[in-house]
Amino acid sequence: MTKQRKFVAGALVIVAAIAYLIWAGVSQSVVYFVTPSELLAAPVANKTYRLGGLVQPGTLRWDAKSLDLSFTLSDGKSSVPVKHRGAPPDLFAEGRGAVVEGLWAREGYFKASLILAKHSEEYKAPHEGAEPGYKEIIKSLRGDSR
Amino acid sequence: MIPELGYAATVAGFVLALSGAVAAVVGGWTGRAEWLRTGERAAIGVWVLITVCIALMLYAFLTFDFSVRYVAINTNRGTPFYYRITALWGALEGSIVLWSWMLSIYTLIVVVQYRRRQPELYPWVLSVMLGILAFFLLVMTIPAPPFERLTPIPPDGRGLNPLLEDSGMITHPVALYLGFTGFTVPFAFAMAALIIGRTGEEWITITRRWTIIAWYFLALGLLIGGWWSYHVLGWGGYWAWDPVENAAFMPWLTATAFLHSVMVQERRRMLKLWNLSLIILTFGLTLFGTFLTRSGIIGSVHSFTQGSIGVFFLSFLSLVLLGSFSLLAWRMDRLRAESQLDSVVSRESTFLLNNLFLLAATFTVFFGTVFPLLSEAVRGVKVSVGAPFFNLVNIPVFLTLLFLMGVGPLIAWRRASAQNLKRNFLKPVLAGIVAAAVLRLFGVANVLVLAAMGLVIFVSATIVLDYARAVRARRRSGEGWSAATWGLLLRQNRRYGGFIVHLGVLVVALGVAGSQAWSVQTETTLEKGQSVELGGYRVRFDGLEASEESNHGKVTGTFSVTSGRHWDVMLHPGRKFYPQEQTPIAAVDYRLGFIEDVYLVLGDFARDGSQATIKLQVNRMVSWLWLGGFVLTIGAALAILPDHRKPA
């Protein structure tokens with residue numbers, strides 16, 4: 001019986017160690033998900049957030065040379081300027097939803113290290129005669145190469 | 001026409017499965033054969049009806065029958081032939097059809113294999129499997145009907161999610177679902193054993209091969225999913241701790257625990273309750289995973305927001321857990337261990353530790369996956385728990401598991417003597433330490449990588465040492481080389497199959513450690529003719545071209561890659577523009593290598609083709625993951641060959 005008890009005690013020690021790891025892991029790496037209004041209500045500098053909102057049309061700036069990407073995320077009430085280094089990811093565009101992870105910089109903007117673009121659920125039925133927008137791009141590329 | 005036929009087949013299938021399950025129960029209860037025959041006929045009928053569903057669905061996809069809503073949403077006239085077939089399981093409703101179809105095939109195999117051989121367990125096994133089939137057919141009838149009619153019939157469909165236009169779409173879901181559904185068989189046998197009170201080792205021995213097959217396919221499905229993520233998604237990674245990956249990973253972890261702990265029961269007649277609980281947990285987690293990913297409560301590439309399906313899965317899951325744990329409680333008196341643990345230093349306790357850590361990993365993954373949900377539900381605060389959490393907790397757990405993987409197979413049962421330990425582990429431990437020290441001298445500073453590499457060498461050394469000893473013993477008893485090497489593998493296929501699976505896991509572990517530690521990447525914008533250097537490669541941007549494919553437009557870049565040595569290769573990453581998507585999707589190009597992959601993603605580009613923004617990665621040792629998959633395959637195949645050992 002004492003042997004069984006020793007086993008149980010050993011197992012408990014291991015379980016406690018893993019529980020501690022989980023607790024420490026959560027408290028270290030949990031990231032709060034905020035909307036622009038929530039962020040602006042009480043911004044904490046250099047704390048990691050996930051910020052979700054709509055990419056406001058007309059605010060997207062992308063400079064390919066310097067890889068600087070900037071845009072404004074809005075929830076209809078407030079909007080937050082976001083800066084990122086890197087090309088806009090797939091599915092990312094003005095007027096669409098996006099979630100960015102990063103820090104609130106003291107200078108008053110959100111410094112994103114990761115952009116998660118949302119897959120658009122809305123479906124536009126293709127209608128007769130309308131050309132998909134990308135045909136323009138293909139034409140301009142072809143025009144150049146000839 | 002197709003929607004009505006399909007719906008009729010679905011409803012008939014549900015009624016047949018349910019009545020078959022009831023007939024099998026009556027057959028088991030009364031022992032009357034004619035009831036059992038009714039159950040069997042129902043099983044055959046269900047398979048026929050689901051096959052009809054699949055055939056109708058394929059027909060609808062191939063003839064562009066957009067009166068079927070599912071077809072209209074998941075295909076359009078431009079979708080290539082090949083993807084019109086895989087589109088069958090490209091979304092929620094169809095994936096449930098595929099699931100049910102596989103389950104119905106498994107049920108037929110069970111009928112053929114066990115109706116004579118296991119006359120007592122068989123009726124209950126049949127009824128459990130038919131009952132589960134009935135649930136999936138119910139899901140196909142009410143919350144996720146694949147044959148829903150669409151009116152008015154649109155001129156063209158929306159098209160498949162472009163990310164699913166990939167050859168992985170044929171293998172990944174099929175392998176994964178063969179794994180998921182495969183666990184139904186051991187679960188059904190476990191329930192049957194509880195019902196008739198034969199709670200010994202029988203159900204485990206009967207289903208050993210089934211468990212290995214299900215486990216293997218799940219592992220394969222996970223690896224193929226990683227490969228898909230790696231070569232389609234364009235972020236250069238293979239695992240993101242995404243809820244859907246976690247959903248498939250959890251049952252794999254508990255199944256791994258089960259595969260090991262059953263050996264303790266076979267050998268020492270202990271852990272009966274534990275093993276039953278593990279198989280219930282594994283089966284429950286396959287349902288939970290489907291609930292998690294298909295109910296839309298978690299946003300992910302794989303979730304398709306759907307109304308009531310979550311309620312169905314959650315109710316069924318509760319029913320299954322309640323039912324099976326009640327059975328367990330009812331049979332508790334027959335589940336007492338027939339022996340005890342003798343020593344901490346023994347194979348039993350190593351296997352127990354392995355189970356403890358595997359369950360810890362499962363719980364960590366579970367916790368991390370549902371924590372955001374709980375936090376939102378309980379505290380009203382939205383949070384996310386990302387990769388850092390999973391890595392922080394799981395890396396030490398997995399390193400411990402690697403260590404146990406070296407110890408478990410060779411340490412003695414009951415009580416290991418100092419002699420046993422020295423003989424089996426002294427040299428491997430030294431080999432592991434030396435390997436880590438050498439890597440340290442070569443400049444590897446990351447402690448976790450050093451630990452992982454050292455442990456991999458330690459475990460490999462235990463396997464090599466054991467095999468070499470066995471071969472030497474055979475040689476001494478006068479066998480030729482081939483009999484002593486290959487013959488040994490076949491004669492003790494279970495043992496060496498297991499070892500080869502372990503080697504496969506080690507190769508995967510090396511791939512994970514190496515790629516995490518040594519991969520490098522850069523992002524930059526190049527003018528035509530300009531080049532960038534990374535990790536000994538020079539990549540030059542040569543130009544862009546545009547083309548029209550059957551269902552999308554494509555812009556393709558040409559980049560020449562030169563390594564410090566002297567090969568030149570052209571890479572053609574592109575961006576694909578689908579009419580149904582408002583934004584383009586990256587098409588990655590790469591050159592895979594044994595040591596490193598060159599991986600190139602085209603980001604943005606100038607409309608006149610004069611410049612391109614690229615993401616260039618040199619990913620190291622990622623190929624070892626896929627290589628590990630092949631090794632796993634060999635090991636699993638060897639392990640399921642007929643057992644040559646005499647029964648103990």
# chains A, B, ... in the order shown; residues from 1 in each chain; ligands from 1
$ residues_around --residues "His572 (chain B)" --least-positions-apart "3" --cutoff "10 Å" --atoms "only C-alpha atoms" --output "MDAnalysis selection string"
chainID B and resid 543:545 555:560 569 587:590 600:602
$ closest_atom_pairs --of "chain B" --to "chain A" --cutoff "8 Å" --atoms "only C-alpha atoms" --output "JSON lines"
{"residue": "B:Asp156", "atom": "CA", "partner": "A:Pro126", "partner_atom": "CA", "distance": 7.5}
{"residue": "B:Gly157", "atom": "CA", "partner": "A:Ala125", "partner_atom": "CA", "distance": 7.9}
{"residue": "B:Arg158", "atom": "CA", "partner": "A:Ala125", "partner_atom": "CA", "distance": 6.8}
{"residue": "B:Leu341", "atom": "CA", "partner": "A:Gln4", "partner_atom": "CA", "distance": 7.4}
{"residue": "B:Asp342", "atom": "CA", "partner": "A:Lys3", "partner_atom": "CA", "distance": 8.0}
{"residue": "B:Val344", "atom": "CA", "partner": "A:Phe7", "partner_atom": "CA", "distance": 7.6}
{"residue": "B:Leu356", "atom": "CA", "partner": "A:Ala11", "partner_atom": "CA", "distance": 7.8}
{"residue": "B:Ala360", "atom": "CA", "partner": "A:Ile18", "partner_atom": "CA", "distance": 7.0}
{"residue": "B:Thr364", "atom": "CA", "partner": "A:Ile22", "partner_atom": "CA", "distance": 6.8}
{"residue": "B:Val381", "atom": "CA", "partner": "A:Tyr32", "partner_atom": "CA", "distance": 7.6}
{"residue": "B:Lys382", "atom": "CA", "partner": "A:Phe33", "partner_atom": "CA", "distance": 5.1}
{"residue": "B:Val383", "atom": "CA", "partner": "A:Tyr32", "partner_atom": "CA", "distance": 4.3}
{"residue": "B:Ser384", "atom": "CA", "partner": "A:Val31", "partner_atom": "CA", "distance": 5.2}
{"residue": "B:Val385", "atom": "CA", "partner": "A:Val30", "partner_atom": "CA", "distance": 5.0}
{"residue": "B:Gly386", "atom": "CA", "partner": "A:Ser29", "partner_atom": "CA", "distance": 7.2}
{"residue": "B:Pro388", "atom": "CA", "partner": "A:Ser29", "partner_atom": "CA", "distance": 6.2}
{"residue": "B:Phe389", "atom": "CA", "partner": "A:Gly25", "partner_atom": "CA", "distance": 5.1}
{"residue": "B:Phe390", "atom": "CA", "partner": "A:Gly25", "partner_atom": "CA", "distance": 7.8}
{"residue": "B:Leu392", "atom": "CA", "partner": "A:Gly25", "partner_atom": "CA", "distance": 6.2}
{"residue": "B:Val393", "atom": "CA", "partner": "A:Leu21", "partner_atom": "CA", "distance": 5.7}
{"residue": "B:Glu523", "atom": "CA", "partner": "A:Gly86", "partner_atom": "CA", "distance": 6.9}
{"residue": "B:Thr524", "atom": "CA", "partner": "A:Leu67", "partner_atom": "CA", "distance": 7.0}
{"residue": "B:Thr525", "atom": "CA", "partner": "A:Lys65", "partner_atom": "CA", "distance": 5.8}
{"residue": "B:Leu544", "atom": "CA", "partner": "A:Leu141", "partner_atom": "CA", "distance": 7.5}
{"residue": "B:Glu545", "atom": "CA", "partner": "A:Leu141", "partner_atom": "CA", "distance": 6.7}
{"residue": "B:Ala546", "atom": "CA", "partner": "A:Ile138", "partner_atom": "CA", "distance": 5.4}
{"residue": "B:Ser547", "atom": "CA", "partner": "A:Ile138", "partner_atom": "CA", "distance": 7.1}
{"residue": "B:Gly553", "atom": "CA", "partner": "A:Tyr134", "partner_atom": "CA", "distance": 7.1}
{"residue": "B:Lys554", "atom": "CA", "partner": "A:Ile138", "partner_atom": "CA", "distance": 7.8}
{"residue": "B:Val555", "atom": "CA", "partner": "A:Ile138", "partner_atom": "CA", "distance": 7.3}
{"residue": "B:Phe577", "atom": "CA", "partner": "A:Tyr134", "partner_atom": "CA", "distance": 6.3}
{"residue": "B:Pro579", "atom": "CA", "partner": "A:Pro132", "partner_atom": "CA", "distance": 5.5}
{"residue": "B:Gln580", "atom": "CA", "partner": "A:Lys124", "partner_atom": "CA", "distance": 6.8}
{"residue": "B:Glu581", "atom": "CA", "partner": "A:Ser120", "partner_atom": "CA", "distance": 7.9}
{"residue": "B:Gln582", "atom": "CA", "partner": "A:Leu91", "partner_atom": "CA", "distance": 7.5}
{"residue": "B:Thr583", "atom": "CA", "partner": "A:Leu91", "partner_atom": "CA", "distance": 5.2}
{"residue": "B:Pro584", "atom": "CA", "partner": "A:Asp90", "partner_atom": "CA", "distance": 6.3}
{"residue": "B:Ile585", "atom": "CA", "partner": "A:Asp90", "partner_atom": "CA", "distance": 5.4}
{"residue": "B:Ala586", "atom": "CA", "partner": "A:Asp90", "partner_atom": "CA", "distance": 6.7}
{"residue": "B:Gly603", "atom": "CA", "partner": "A:Ala87", "partner_atom": "CA", "distance": 6.0}
{"residue": "B:Asp604", "atom": "CA", "partner": "A:Ala87", "partner_atom": "CA", "distance": 6.3}
{"residue": "B:Arg607", "atom": "CA", "partner": "A:Leu141", "partner_atom": "CA", "distance": 6.2}
{"residue": "B:Asp608", "atom": "CA", "partner": "A:Leu141", "partner_atom": "CA", "distance": 5.4}
{"residue": "B:Gly609", "atom": "CA", "partner": "A:Leu141", "partner_atom": "CA", "distance": 6.0}
{"residue": "B:Thr613", "atom": "CA", "partner": "A:Ala64", "partner_atom": "CA", "distance": 6.6}
$ select_by_dssp --residues "region 211-360 of chain B" --states "alpha helix (DSSP H)" --output "PyMOL selection string"
chain B and resi 211-232+243-268+272-294+309-330+347-360
